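*Asks:* First the structure, then my questions, so here it is.
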Amino acid sequence: MNPLTTGLSAKEILGVPVYALTQDEVLNKINETISRRGHLHIGVVNAAKMVNMRRNEVLKKDVLSSDLILADGMAVVWASRLLGCALPERVTGIDLMMGMLRQGNEHGYRIFCLGATDEVLEKVVTRITDEYPHVKLVGKHNGYFKEEEEPTIVAEIVEMKPDILLVAMTSPKKENFLARWSDQLGVPICHGVGGSFDVLAGKVQRAPETWQRLGLEWLYRVTQEPTRLWKRYLVTNTLFCLMVFRQFCKSMLDQRRK
């Protein structure tokens, strides 16, 4: 067990230990980790990923290799409440990334950006430089590389000695990469942020706050790309609800037997 997570409370939700922390608590833990030159591999889960973890053993193993797993989606928070192991709030990958940038601007964190296309990456670098001038961007690399290229990229990250590595690649590639390399990078904070660079670059519009509070970010994404996304979300959301319902029924039966 990572000593930096000792004493923190994790709730088991559908077999996944999700930490019961607020975003402010996570950011405090990140600051502590960097100041102590420790190591924290942060993972996040939403309904779709939890469904895919049931289908994909490698993805499940990679996610569970994280030191700190957080609830990225409101569906996971609602499930925790229904199953009697309530989480305080959701901590999304993108909100946590923005919090890291704000803290980085205050403390002068060194950050390496890995992921997205070169075009998106350039826009991300420009925005971070403009809005967070005290953040030290020590390196960047696009997310379109083959597995055999990974050792070279890892060597570059090690050489740059960042405090934070932001990995903006799709699942399961980011989980695979971090599971293979996070312990060897010497980076205090490794955080998989998925499509957050696309949002930061203005390529993708994030759902309004009202939609976020209602847990409807997935529906907002479907309205942006209905042909590509409607079936994916319909299937994963339905399966997630079934998984939660089965766990709830099992919990009720177990209680009656006691």
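Ligands are numbered from 1 in the order shown, chains are lettered A, B, ... in the order of the structure tokens, and residues start at 1 in each chain.
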Which of region 125-202 of chain A end up as alpha helix (DSSP H) when DSSP is run on this backbone - answer as a ChimeraX atom specification?

*Replies:* /A:125-131,150-160,173-185,196-200

*Asks:* Using only C-alpha atoms, find each residue of region 92-124 of chain A with at least one atom at most 7 Å away from an atom of region 201-222 of chain A; report its shortest atom-to-atom pair and that distance in Å (one decimal), sort the rows by chain and rising residue number, and return the result as a tab-separated table.

*Replies:*
```
residue	atom	partner	partner_atom	distance
A:Val120	CA	A:Ala201	CA	5.9
A:Lys123	CA	A:Ala201	CA	5.2
A:Val124	CA	A:Ala201	CA	5.2
```

*Asks:* Which residues of region 50-141 of chain A come within 8 Å of region 152-170 of chain A, and for each one, what is the closest pair of atoms and their distance in Å to one decimal, counting only C-alpha atoms, sorted by chain and residue number, as JSON lines?

*Replies:*
```
{"residue": "A:Met97", "atom": "CA", "partner": "A:Leu166", "partner_atom": "CA", "distance": 7.8}
{"residue": "A:Tyr109", "atom": "CA", "partner": "A:Asp163", "partner_atom": "CA", "distance": 6.0}
{"residue": "A:Arg110", "atom": "CA", "partner": "A:Pro162", "partner_atom": "CA", "distance": 4.7}
{"residue": "A:Ile111", "atom": "CA", "partner": "A:Ile164", "partner_atom": "CA", "distance": 4.9}
{"residue": "A:Phe112", "atom": "CA", "partner": "A:Leu165", "partner_atom": "CA", "distance": 5.0}
{"residue": "A:Cys113", "atom": "CA", "partner": "A:Leu166", "partner_atom": "CA", "distance": 5.1}
{"residue": "A:Leu114", "atom": "CA", "partner": "A:Val167", "partner_atom": "CA", "distance": 4.9}
{"residue": "A:Gly115", "atom": "CA", "partner": "A:Ala168", "partner_atom": "CA", "distance": 4.4}
{"residue": "A:Ala116", "atom": "CA", "partner": "A:Ala168", "partner_atom": "CA", "distance": 6.0}
{"residue": "A:Val138", "atom": "CA", "partner": "A:Met160", "partner_atom": "CA", "distance": 6.1}
{"residue": "A:Gly139", "atom": "CA", "partner": "A:Met160", "partner_atom": "CA", "distance": 6.8}
{"residue": "A:His141", "atom": "CA", "partner": "A:Ile153", "partner_atom": "CA", "distance": 7.8}
```

*Asks:* Would you put the residues from that selection into a file with C-alpha atoms, as a JSON list (two decimals), in the first residue's frame?

*Replies:*
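Written out: again34.json:
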```json
[["chain", "number", "residue", "atom", "x", "y", "z"],
["A", 97, "MET", "CA", -6.54, 18.89, -13.66],
["A", 109, "TYR", "CA", 4.86, 23.11, -10.38],
["A", 110, "ARG", "CA", 6.69, 21.48, -13.26],
["A", 111, "ILE", "CA", 4.19, 19.82, -15.61],
["A", 112, "PHE", "CA", 4.59, 17.44, -18.55],
["A", 113, "CYS", "CA", 1.65, 17.11, -20.99],
["A", 114, "LEU", "CA", 1.25, 13.78, -22.78],
["A", 115, "GLY", "CA", -1.61, 13.14, -25.17],
["A", 116, "ALA", "CA", -3.99, 14.48, -27.84],
["A", 138, "VAL", "CA", 8.81, 21.18, -18.99],
["A", 139, "GLY", "CA", 7.73, 18.91, -21.84],
["A", 141, "HIS", "CA", 4.32, 14.81, -26.51]]
```

*Asks:* Taking only C-alpha atoms into account, which of A:Glu131, A:Asp198, A:Glu150, A:Glu89 comes nearest Asn176 (chain A)?

*Replies:*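 Answer, going by the shortest atom-to-atom distance: A:Glu150.
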
*Asks:* May I ask for the distance between CA of His41 (chain A) and CA of Phe145 (chain A), given in Å to one decimal place?

*Replies:*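 Computed distance, CA of His41 (chain A) to CA of Phe145 (chain A), equals 21.4 Å.
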
*Asks:* Which is closest to Ala71 (chain A) among A:Val235, A:Leu87, A:Val187, A:Ile34, if we use only C-alpha atoms?

*Replies:* A:Leu87

*Asks:* Could you find all residues in region 42-170 of chain A that DSSP calls strand (DSSP E) from the backbone, and write them as a PDB file with C-alpha atoms, in the first residue's frame?

*Replies:*
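New file states_0.pdb:
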```
ATOM      1  CA  ILE A  42      -4.452   8.839  -9.693  1.00  0.00           C
ATOM      2  CA  GLY A  43      -7.206   7.010 -11.559  1.00  0.00           C
ATOM      3  CA  VAL A  44     -10.839   7.952 -12.133  1.00  0.00           C
ATOM      4  CA  VAL A  45     -13.913   5.847 -12.900  1.00  0.00           C
ATOM      5  CA  LEU A  68      -6.053   6.665  -5.605  1.00  0.00           C
ATOM      6  CA  ILE A  69      -9.269   5.939  -7.528  1.00  0.00           C
ATOM      7  CA  LEU A  70     -11.866   8.712  -7.667  1.00  0.00           C
ATOM      8  CA  ALA A  71     -15.477   8.990  -8.857  1.00  0.00           C
ATOM      9  CA  ARG A 110       6.690  21.479 -13.257  1.00  0.00           C
ATOM     10  CA  ILE A 111       4.189  19.816 -15.607  1.00  0.00           C
ATOM     11  CA  PHE A 112       4.592  17.442 -18.554  1.00  0.00           C
ATOM     12  CA  CYS A 113       1.649  17.110 -20.989  1.00  0.00           C
ATOM     13  CA  LEU A 114       1.249  13.779 -22.777  1.00  0.00           C
ATOM     14  CA  GLY A 115      -1.615  13.135 -25.174  1.00  0.00           C
ATOM     15  CA  LYS A 136       6.605  25.405 -15.661  1.00  0.00           C
ATOM     16  CA  LEU A 137       5.717  23.360 -18.746  1.00  0.00           C
ATOM     17  CA  VAL A 138       8.805  21.178 -18.986  1.00  0.00           C
ATOM     18  CA  GLY A 139       7.733  18.909 -21.838  1.00  0.00           C
ATOM     19  CA  LYS A 140       4.991  17.696 -24.145  1.00  0.00           C
ATOM     20  CA  HIS A 141       4.320  14.810 -26.513  1.00  0.00           C
ATOM     21  CA  ILE A 164       2.933  16.292 -12.512  1.00  0.00           C
ATOM     22  CA  LEU A 165       2.351  14.147 -15.594  1.00  0.00           C
ATOM     23  CA  LEU A 166      -1.014  14.738 -17.302  1.00  0.00           C
ATOM     24  CA  VAL A 167      -1.936  11.867 -19.632  1.00  0.00           C
ATOM     25  CA  ALA A 168      -4.680  12.901 -22.073  1.00  0.00           C
TER      26      ALA A 168
END
```

*Asks:* List the spatial neighbours of His134 (chain A) as an mmCIF file with C-alpha atoms, in the first residue's frame - criterion: any atom at most 9 Å away, only C-alpha atoms, same-chain residues fewer than 4 positions off excluded.

*Replies:*
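Result file follows (around_25.cif):
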```cif
data_model
loop_
_atom_site.group_PDB
_atom_site.id
_atom_site.type_symbol
_atom_site.label_atom_id
_atom_site.label_comp_id
_atom_site.auth_asym_id
_atom_site.auth_seq_id
_atom_site.Cartn_x
_atom_site.Cartn_y
_atom_site.Cartn_z
ATOM 1 C CA GLY A 104 0.813 24.818 -9.981
ATOM 2 C CA ASN A 105 0.548 28.521 -10.708
ATOM 3 C CA GLU A 106 0.815 29.230 -6.988
ATOM 4 C CA HIS A 107 3.684 26.844 -6.259
ATOM 5 C CA GLY A 108 5.527 26.770 -9.588
ATOM 6 C CA TYR A 109 4.860 23.109 -10.375
ATOM 7 C CA THR A 129 1.127 29.595 -20.543
#
```

*Asks:* Pick out the residues sitting within 10 Å of Leu8 (chain A), and hand them over as a list of chain:residue names; count only C-alpha atoms, and ignore anything fewer than 2 positions along from it in its own chain.

*Replies:*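 Contacts, with the query itself left out: A:Leu4, A:Thr5, A:Thr6, A:Ala10, A:Tyr19, A:Ala20, A:Leu21, A:Leu68.
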
*Asks:* In Å, with one decimal, what is the gap from CA of Met98 (chain A) to CA of Arg81 (chain A)?

*Replies:* 26.7 Å

*Asks:* Hey, which of A:Tyr132, A:Phe248, A:Trp181, A:Tyr144 ends up closest to Ser80 (chain A)? Count only C-alpha atoms.

*Replies:*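 Looking at the shortest contact to Ser80 (chain A), the residue is A:Phe248.
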
*Asks:* Can you work out the spacing between CA of Gln103 (chain A) and CA of Lys49 (chain A) in Å, to one decimal?

*Replies:*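 If I compute the distance from CA of Gln103 (chain A) to CA of Lys49 (chain A), I get 28.0 Å.
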
*Asks:* Would you mind telling me which residue in A:Phe177, A:Ala86, A:Pro133, A:Gln184 lies nearest to Glu148 (chain A) when using only C-alpha atoms?

*Replies:*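 Among the listed residues, the smallest separation from Glu148 (chain A) belongs to A:Phe177.
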
*Asks:* Env of region 238-246 of chain A: 10 Å cut, atoms = only C-alpha atoms, seq-sep filter 2 positions within chain, self excluded. Answer as an mmCIF file with N, CA and C atoms, in the first residue's frame.

*Replies:*
```
data_model
loop_
_atom_site.group_PDB
_atom_site.id
_atom_site.type_symbol
_atom_site.label_atom_id
_atom_site.label_comp_id
_atom_site.auth_asym_id
_atom_site.auth_seq_id
_atom_site.Cartn_x
_atom_site.Cartn_y
_atom_site.Cartn_z
ATOM 1 N N ILE A 13 -17.233 -0.066 -4.449
ATOM 2 C CA ILE A 13 -18.414 0.091 -5.292
ATOM 3 C C ILE A 13 -18.260 -0.829 -6.493
ATOM 4 N N LEU A 14 -19.095 -1.843 -6.551
ATOM 5 C CA LEU A 14 -19.037 -2.843 -7.627
ATOM 6 C C LEU A 14 -17.623 -3.427 -7.759
ATOM 7 N N ASN A 46 -15.908 6.200 -14.169
ATOM 8 C CA ASN A 46 -17.291 6.596 -14.394
ATOM 9 C C ASN A 46 -18.086 5.335 -14.735
ATOM 10 N N ALA A 47 -19.358 5.498 -15.057
ATOM 11 C CA ALA A 47 -20.207 4.333 -15.313
ATOM 12 C C ALA A 47 -19.662 3.488 -16.461
ATOM 13 N N ALA A 48 -19.285 4.144 -17.565
ATOM 14 C CA ALA A 48 -18.798 3.407 -18.734
ATOM 15 C C ALA A 48 -17.536 2.612 -18.415
ATOM 16 N N LYS A 49 -16.621 3.231 -17.668
ATOM 17 C CA LYS A 49 -15.369 2.535 -17.367
ATOM 18 C C LYS A 49 -15.609 1.345 -16.444
ATOM 19 N N MET A 50 -16.528 1.493 -15.500
ATOM 20 C CA MET A 50 -16.810 0.379 -14.598
ATOM 21 C C MET A 50 -17.443 -0.786 -15.340
ATOM 22 N N VAL A 51 -18.258 -0.484 -16.337
ATOM 23 C CA VAL A 51 -18.808 -1.540 -17.189
ATOM 24 C C VAL A 51 -17.691 -2.204 -17.987
ATOM 25 N N ASN A 52 -16.827 -1.390 -18.577
ATOM 26 C CA ASN A 52 -15.741 -1.935 -19.393
ATOM 27 C C ASN A 52 -14.724 -2.716 -18.567
ATOM 28 N N ARG A 54 -15.526 -4.741 -16.274
ATOM 29 C CA ARG A 54 -16.104 -6.084 -16.165
ATOM 30 C C ARG A 54 -15.826 -6.905 -17.425
ATOM 31 N N ALA A 75 -23.016 9.227 -11.774
ATOM 32 C CA ALA A 75 -23.654 7.912 -11.664
ATOM 33 C C ALA A 75 -22.966 7.063 -10.603
ATOM 34 N N VAL A 76 -21.647 7.185 -10.494
ATOM 35 C CA VAL A 76 -20.905 6.423 -9.480
ATOM 36 C C VAL A 76 -21.251 6.942 -8.083
ATOM 37 N N TRP A 78 -24.124 8.414 -7.198
ATOM 38 C CA TRP A 78 -25.491 7.962 -6.902
ATOM 39 C C TRP A 78 -25.502 6.483 -6.536
ATOM 40 N N ALA A 79 -24.711 5.684 -7.243
ATOM 41 C CA ALA A 79 -24.630 4.254 -6.930
ATOM 42 C C ALA A 79 -24.094 4.038 -5.519
ATOM 43 N N SER A 80 -23.093 4.843 -5.123
ATOM 44 C CA SER A 80 -22.521 4.699 -3.780
ATOM 45 C C SER A 80 -23.578 4.973 -2.707
ATOM 46 N N LEU A 82 -26.914 4.613 -3.055
ATOM 47 C CA LEU A 82 -27.897 3.530 -3.083
ATOM 48 C C LEU A 82 -27.356 2.283 -2.395
ATOM 49 N N LEU A 83 -26.064 2.049 -2.540
ATOM 50 C CA LEU A 83 -25.455 0.831 -1.985
ATOM 51 C C LEU A 83 -24.980 1.012 -0.548
ATOM 52 N N TYR A 233 -23.347 5.014 -25.196
ATOM 53 C CA TYR A 233 -23.841 5.429 -23.894
ATOM 54 C C TYR A 233 -25.115 4.692 -23.501
ATOM 55 N N LEU A 234 -25.970 4.399 -24.478
ATOM 56 C CA LEU A 234 -27.190 3.645 -24.172
ATOM 57 C C LEU A 234 -26.834 2.288 -23.583
ATOM 58 N N VAL A 235 -25.876 1.608 -24.203
ATOM 59 C CA VAL A 235 -25.485 0.271 -23.750
ATOM 60 C C VAL A 235 -24.796 0.335 -22.391
ATOM 61 N N THR A 236 -23.780 1.202 -22.253
ATOM 62 C CA THR A 236 -23.012 1.221 -20.998
ATOM 63 C C THR A 236 -23.855 1.723 -19.829
ATOM 64 N N PHE A 248 -27.417 -4.110 -5.326
ATOM 65 C CA PHE A 248 -28.380 -3.661 -4.316
ATOM 66 C C PHE A 248 -29.238 -4.829 -3.829
ATOM 67 N N CYS A 249 -29.733 -5.633 -4.775
ATOM 68 C CA CYS A 249 -30.555 -6.798 -4.406
ATOM 69 C C CYS A 249 -29.748 -7.796 -3.575
ATOM 70 N N LYS A 250 -28.508 -8.014 -3.954
ATOM 71 C CA LYS A 250 -27.641 -8.921 -3.199
ATOM 72 C C LYS A 250 -27.429 -8.412 -1.775
ATOM 73 N N SER A 251 -27.231 -7.112 -1.634
ATOM 74 C CA SER A 251 -27.025 -6.521 -0.316
ATOM 75 C C SER A 251 -28.270 -6.691 0.553
ATOM 76 N N MET A 252 -29.448 -6.512 -0.039
ATOM 77 C CA MET A 252 -30.697 -6.677 0.685
ATOM 78 C C MET A 252 -30.871 -8.112 1.149
#
```

*Asks:* Taking into account only C-alpha atoms, which residue in the set A:His39, A:Lys174, A:Lys11, A:Arg228 is nearest to Gly84 (chain A)?

*Replies:*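 Answer, going by the shortest atom-to-atom distance: A:Lys11.
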
*Asks:* Restricting the calculation to only C-alpha atoms: of A:Ser196, A:Thr117, A:Asn2, A:Gln247, which residue gets closest to Gly38 (chain A)?

*Replies:*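 The shortest atom-to-atom distance to Gly38 (chain A) comes from A:Asn2.
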